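The structure appears below as structure tokens.
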Amino acid sequence: MQAKQRVLTGITTTGTPHLGNYLGALKPAVNSSQQSDVDSFYFLADYHALIKCQDPQTVHRSGREIAAIWLALGLDTNNATFYRQSDIPEIPQLAWFLTCMTAKGMMNRAHAYKGSVDENQRQGHTDLDQGISMGLYSYPILMAADILMFNAHQIPVGKDQIQHIEMCRDIAMRFNHTYGEHFVLPEAMVDEGDAKVLSGLDGRKMSKSYGNIIPLFAPTDELRKLIMQITTNSLQPGEAKDPATCTLFEIYSAFASAEETQAVRMEYANGIGWGEMKNKLFDYLDAYLSPARGRYNQIIADPGYVEAELQKGALKARAQSEPFMHKLRSAVGIMSLASDIDIKANTGKAKKELSTEAQAKADAGKAKALAIAKQRADQEAQQLAQYVDQLMVQITASEDAQVAGEEAVEGLQLQIQNATKKTRKGLQKTLQLLQQRLSLS
Ligand code: TRP
């Protein structure tokens with residue numbers, strides 16, 4: 001049994017992580033990787049990356065960069081399990097089992113798919129599925145496999161992923177119902193602070209698709225240049241400014257302490273100039289990020305180290321996925337043809353977790369089955385006794401009862417020798433009873 005809460009999340013290896021990703025996902029995950037009371041699993045979702053990106057160079061480079069970022073930020077790879085999805089062959093195997101448990105109608109309602117259909121409609125395409133791959137269509141199933149493979153309880157995700165966790169629960173329930181209780185039903189862990197997303201250069205939400213991001217480890221010069229581009233209003237130095245509507249202030253306060261933030265708030269009231277505020281934000285961020293950026297530059301120059309860390313993680317992860325997959329394969333009936341199927345072993349856990357009502361039902365069913373079996377055994381015993389009675393009548397009626405008895409015994413012994421496995425047991429019982437009766441008579 002798992003004692004600790006298990007937290008698992010995947011990072012699609014596309015794009016360049018930015019300040020918004022750092023605050024929303026990376027920082028909290030790195031913190032939780034260092035907590036010894038949580039069993040955390042972080043993985044590079046490189047199979048997921050193939051849905052969005054078909055350029056091998058980019059897929060490869062992004063994987064390395066993103067792994068290096070996590071390591072540079074201090075992910076504790078001894079406490080947490082940090083691995084690459086494609087190193088776990090059991091995940092796509094499980095994805096197929098789950099595909100067979102997934103209602104197509106449910107997949108039609110997945111946001112990512114529906115979004116693409118809507119976009120096709122908006123653009124006036126007659127084929128609403130134009131440009132949509134089966135990878136995009138069914139990726140929530142692959143995601144479910146990522147989660148269920150390790151029976152994680154909590155899944156930290158952004159709001160856009162909540163639907164996928166619900167689908168995962170649905171698929172897991174169906175599997176459990178069909179094959180026995182194998183999967184924990186996971187829950188989405190959505191950081192409420194997430195509601196306040198970080199703004200980008202132009203004041204809209206920081207997002208790669210808006211082209212307004214500040215990459216987490218932008219070199220100093222680029223970081224300065226980007227901060228200077230952040231949109232402000234036309235208020236002059238000396239005029240009081242509103243921190244609540246200012247991107248500079250928003251980014252500053254997301255990184256700074258409460259006291260530092262308060263001090264800057266005062267400066268806004270006192271009319272700090274935009275140029276001065278931009279320099280302040282740059283100095284602050286540059287100092288804040290530079291230690292991790294230094295580690296990142298070191299790590300990215302040493303891909304062997306990154307690979308070794310991932311191999312270490314894969315070993316830890318596979319120690320669980322391999323035996324679990326073995327169990328799941330037997331549960332669906334895929335196993336060595338030389339072995340007997342033992343459904344009981346697979347569903348044993350399900351029985352333990354039944355509701356009282358279901359338990360009562362199951363108990364009643366079991367009692368009924370036992371009663372039927374007992375009735376049948378009684379009947380058989382009775383028939384056997386009747387048969388032996390008949391034999392005894394014949395034996396005692398014959399001229400030499402001694403010889404007739406011995407002949408009857410020998411006859412039965414011969415029958416037993418030639419009997420099939422199925423009838424042998426019954427004959428043996430008959431013989432036993434006959435011998436008993438003969439020695440008594
Ligand atoms: N689809 C997720 C995203 O785009 C990434 C992901 C893949 C994931 N597998 C996962 C997240 C499993 C949580 C659990 O953000």
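Ordered as shown in the structure tokens, chains take letters A, B, and onward, while each chain numbers its residues from 1 and ligands are numbered from 1 in the order shown.
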
- Message: Quick check for you: according to DSSP on this backbone, which residues of region 101-132 of chain A are classed as helix (DSSP H, G or I)? Reply as a ChimeraX atom specification.
- Response: /A:104-108,111-122

Selection above as a file: N, CA and C atoms, as a short mmCIF file (atom, residue, chain, number, x, y, z; two decimals), in the first residue's frame:
data_model
loop_
_atom_site.label_atom_id
_atom_site.label_comp_id
_atom_site.auth_asym_id
_atom_site.auth_seq_id
_atom_site.Cartn_x
_atom_site.Cartn_y
_atom_site.Cartn_z
N LYS A 104 -15.95 6.73 -27.18
CA LYS A 104 -15.58 7.68 -28.22
C LYS A 104 -16.35 8.98 -28.03
N GLY A 105 -17.60 8.86 -27.60
CA GLY A 105 -18.41 10.06 -27.40
C GLY A 105 -17.77 11.03 -26.42
N MET A 106 -17.11 10.47 -25.41
CA MET A 106 -16.45 11.33 -24.42
C MET A 106 -15.29 12.08 -25.09
N MET A 107 -14.56 11.39 -25.94
CA MET A 107 -13.42 12.03 -26.60
C MET A 107 -13.87 13.14 -27.55
N ASN A 108 -15.06 12.98 -28.11
CA ASN A 108 -15.59 14.03 -28.99
C ASN A 108 -15.75 15.35 -28.24
N HIS A 111 -11.83 19.27 -24.85
CA HIS A 111 -11.64 20.69 -25.23
C HIS A 111 -10.65 20.89 -26.37
N ALA A 112 -9.51 20.18 -26.29
CA ALA A 112 -8.45 20.42 -27.27
C ALA A 112 -8.97 20.07 -28.67
N TYR A 113 -9.69 18.96 -28.76
CA TYR A 113 -10.25 18.53 -30.04
C TYR A 113 -11.34 19.50 -30.49
N LYS A 114 -12.25 19.79 -29.57
CA LYS A 114 -13.37 20.67 -29.93
C LYS A 114 -12.87 22.05 -30.35
N GLY A 115 -11.82 22.51 -29.67
CA GLY A 115 -11.24 23.81 -30.02
C GLY A 115 -10.77 23.83 -31.47
N SER A 116 -10.14 22.72 -31.88
CA SER A 116 -9.63 22.66 -33.26
C SER A 116 -10.78 22.58 -34.26
N VAL A 117 -11.82 21.84 -33.89
CA VAL A 117 -13.00 21.75 -34.76
C VAL A 117 -13.62 23.14 -34.92
N ASP A 118 -13.77 23.84 -33.79
CA ASP A 118 -14.35 25.18 -33.83
C ASP A 118 -13.53 26.11 -34.74
N GLU A 119 -12.20 25.96 -34.63
CA GLU A 119 -11.31 26.80 -35.44
C GLU A 119 -11.51 26.50 -36.93
N ASN A 120 -11.66 25.22 -37.26
CA ASN A 120 -11.91 24.84 -38.65
C ASN A 120 -13.23 25.45 -39.15
N GLN A 121 -14.21 25.43 -38.25
CA GLN A 121 -15.51 25.97 -38.60
C GLN A 121 -15.40 27.48 -38.86
N ARG A 122 -14.67 28.14 -37.94
CA ARG A 122 -14.48 29.59 -38.04
C ARG A 122 -13.82 29.96 -39.36
#

- Item | Close residues, region 3-10 of chain A itself excluded, 6 Å, only C-alpha atoms, min 6 positions apart in chain, as number ranges by chain | A: 38-45, 152-155

- Item | Distance filter 9 Å around ligand 1, atoms: only C-alpha atoms and all ligand atoms, out as an NGL selection string | :A and (8-13 or 42-49 or 85 or 139-140 or 142-147 or 155-158 or 160-161 or 164-165 or 188)

- Query: Can you list every residue in region 92-305 of chain A that DSSP puts in strand (DSSP E or B), as a ChimeraX atom specification?
  - Reply: /A:154-156,187-189,199,205,215

- Message: If we count only C-alpha atoms and set the cut-off at 10 Å, which residues sit around region 260-273 of chain A, ignoring sequence neighbours fewer than 3 positions away in its own chain? Please answer as a PyMOL selection string.
- Response: chain A and resi 235-244+249-250+252-257+276-278+280

Just write the chosen residues, C-alpha atoms, as a PDB file, in the first residue's frame.
ATOM      1  CA  LEU A 235       2.281  59.203 -17.238  1.00  0.00           C
ATOM      2  CA  GLN A 236       5.385  61.296 -16.600  1.00  0.00           C
ATOM      3  CA  PRO A 237       7.886  60.921 -13.743  1.00  0.00           C
ATOM      4  CA  GLY A 238       6.521  62.706 -10.691  1.00  0.00           C
ATOM      5  CA  GLU A 239       2.918  61.796 -11.477  1.00  0.00           C
ATOM      6  CA  ALA A 240       1.325  59.255  -9.109  1.00  0.00           C
ATOM      7  CA  LYS A 241       0.787  55.870 -10.739  1.00  0.00           C
ATOM      8  CA  ASP A 242      -1.615  52.982 -10.155  1.00  0.00           C
ATOM      9  CA  PRO A 243       0.237  49.745  -9.348  1.00  0.00           C
ATOM     10  CA  ALA A 244      -2.944  47.676  -9.774  1.00  0.00           C
ATOM     11  CA  PHE A 249       4.426  46.109 -10.759  1.00  0.00           C
ATOM     12  CA  GLU A 250       2.619  42.825 -11.275  1.00  0.00           C
ATOM     13  CA  TYR A 252       7.845  42.664  -9.585  1.00  0.00           C
ATOM     14  CA  SER A 253       5.391  41.730  -6.833  1.00  0.00           C
ATOM     15  CA  ALA A 254       5.137  38.139  -8.095  1.00  0.00           C
ATOM     16  CA  PHE A 255       8.822  37.675  -7.271  1.00  0.00           C
ATOM     17  CA  ALA A 256       9.493  40.132  -4.443  1.00  0.00           C
ATOM     18  CA  SER A 257       8.690  39.821  -0.737  1.00  0.00           C
ATOM     19  CA  GLU A 276      13.430  53.927 -13.315  1.00  0.00           C
ATOM     20  CA  MET A 277      10.835  51.263 -12.550  1.00  0.00           C
ATOM     21  CA  LYS A 278      11.959  49.178 -15.510  1.00  0.00           C
ATOM     22  CA  LYS A 280      14.376  48.337 -10.826  1.00  0.00           C
TER      23      LYS A 280
END

- Write out as a list in words each polymer residue whose atoms come within 8 Å of Thr231 (chain A), counting only C-alpha atoms; drop sequence neighbours fewer than 2 positions from it.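 The contact residues come out as Leu201, Asp202, Gly203, Gln229, Asn233 and Thr247 of chain A.
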
- Message: Need the shell around Cys100 (chain A): protein/DNA/RNA residues with any atom at most 12 Å away, counting only C-alpha atoms. Skip same-chain ones fewer than 3 positions apart. Format as a PyMOL selection string?
- Response: chain A and resi 93-97+103-104+138+141+171-172+174-175+178+332

Per residue of region 291-332 of chain A within 10 Å of region 209-226 of chain A, record the nearest atom pair and its distance in Å to one decimal, counting only C-alpha atoms, with rows in chain order and ascending residue number, as JSON lines.
{"residue": "A:Ala292", "atom": "CA", "partner": "A:Phe217", "partner_atom": "CA", "distance": 8.2}
{"residue": "A:Arg293", "atom": "CA", "partner": "A:Phe217", "partner_atom": "CA", "distance": 5.6}
{"residue": "A:Gly294", "atom": "CA", "partner": "A:Phe217", "partner_atom": "CA", "distance": 9.1}
{"residue": "A:Tyr296", "atom": "CA", "partner": "A:Phe217", "partner_atom": "CA", "distance": 7.9}
{"residue": "A:Asn297", "atom": "CA", "partner": "A:Phe217", "partner_atom": "CA", "distance": 9.0}

- Nearest candidate to His18 (chain A) (options A:Ile227, A:Ala308, A:Ile300, A:Met206; using only C-alpha atoms):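 Going through A:Ile227, A:Ala308, A:Ile300, A:Met206 one by one, the smallest distance to His18 (chain A) is for A:Met206.
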
- Give me, please, the distance in Å between CA of Asp76 (chain A) and CA of Gly313 (chain A), quoted to one decimal. 11.1 Å

- Query: Can you list, as a PyMOL selection string, every protein, DNA or RNA residue that comes within 12 Å of Lys429 (chain A) when you count only C-alpha atoms, leaving out same-chain residues fewer than 5 positions away?
  - Reply: chain A and resi 380-381+383-385+387-388+412-413+416+423-424+434-436

- For Gly63 (chain A), which residue out of A:Gly15, A:Gly131, A:Pro186, A:Gly275 is the nearest one, using only C-alpha atoms? A:Gly15

- Message: At a cut-off of 9 Å, using only C-alpha atoms, what residues contact Gln311 (chain A)? Leave out same-chain residues fewer than 4 positions from it and give the result as an NGL selection string.
- Response: :A and (83-84 or 87 or 306-307 or 315-316)

Please write the residues from the selection above to a file, keeping N, CA and C atoms, as a short mmCIF file (atom, residue, chain, number, x, y, z; two decimals), in the first residue's frame.
data_model
loop_
_atom_site.label_atom_id
_atom_site.label_comp_id
_atom_site.auth_asym_id
_atom_site.auth_seq_id
_atom_site.Cartn_x
_atom_site.Cartn_y
_atom_site.Cartn_z
N TYR A 83 11.62 11.55 -14.65
CA TYR A 83 11.88 10.63 -15.75
C TYR A 83 11.30 11.17 -17.05
N ARG A 84 11.56 10.43 -18.09
CA ARG A 84 11.10 10.80 -19.43
C ARG A 84 10.05 9.77 -19.83
N ASP A 87 10.83 6.71 -21.85
CA ASP A 87 11.67 5.66 -21.26
C ASP A 87 10.84 4.59 -20.57
N VAL A 306 22.51 15.27 -17.81
CA VAL A 306 21.05 15.30 -17.90
C VAL A 306 20.53 13.89 -18.20
N GLU A 307 21.19 13.24 -19.16
CA GLU A 307 20.77 11.90 -19.55
C GLU A 307 20.89 10.92 -18.37
N LEU A 315 14.81 4.17 -14.12
CA LEU A 315 15.02 2.95 -13.36
C LEU A 315 14.04 2.87 -12.18
N LYS A 316 13.93 4.02 -11.49
CA LYS A 316 13.02 4.08 -10.35
C LYS A 316 11.58 3.90 -10.80
#

- Distance CA of Arg329 (chain A)-CA of Leu185 (chain A), one decimal place?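 Rounded to one decimal, the two atoms are 19.5 Å apart.
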
- Message: One decimal, in Å: what's the spacing between CA of Pro89 (chain A) and CA of Gln320 (chain A)?
- Response: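 Going from CA of Pro89 (chain A) over to CA of Gln320 (chain A), I get 12.1 Å.
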
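Shortest separation to His326 (chain A) among A:Thr99, A:Ser36, A:Leu285, A:Glu90 occurs at residue A:Glu90, atoms counted being only C-alpha atoms.
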
- Query: Hey, which of A:Met167, A:Ala404, A:Ile88, A:Leu198 ends up closest to Gly24 (chain A)? Count only C-alpha atoms.
  - Reply: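 For Gly24 (chain A), the nearest of the given residues is A:Leu198.
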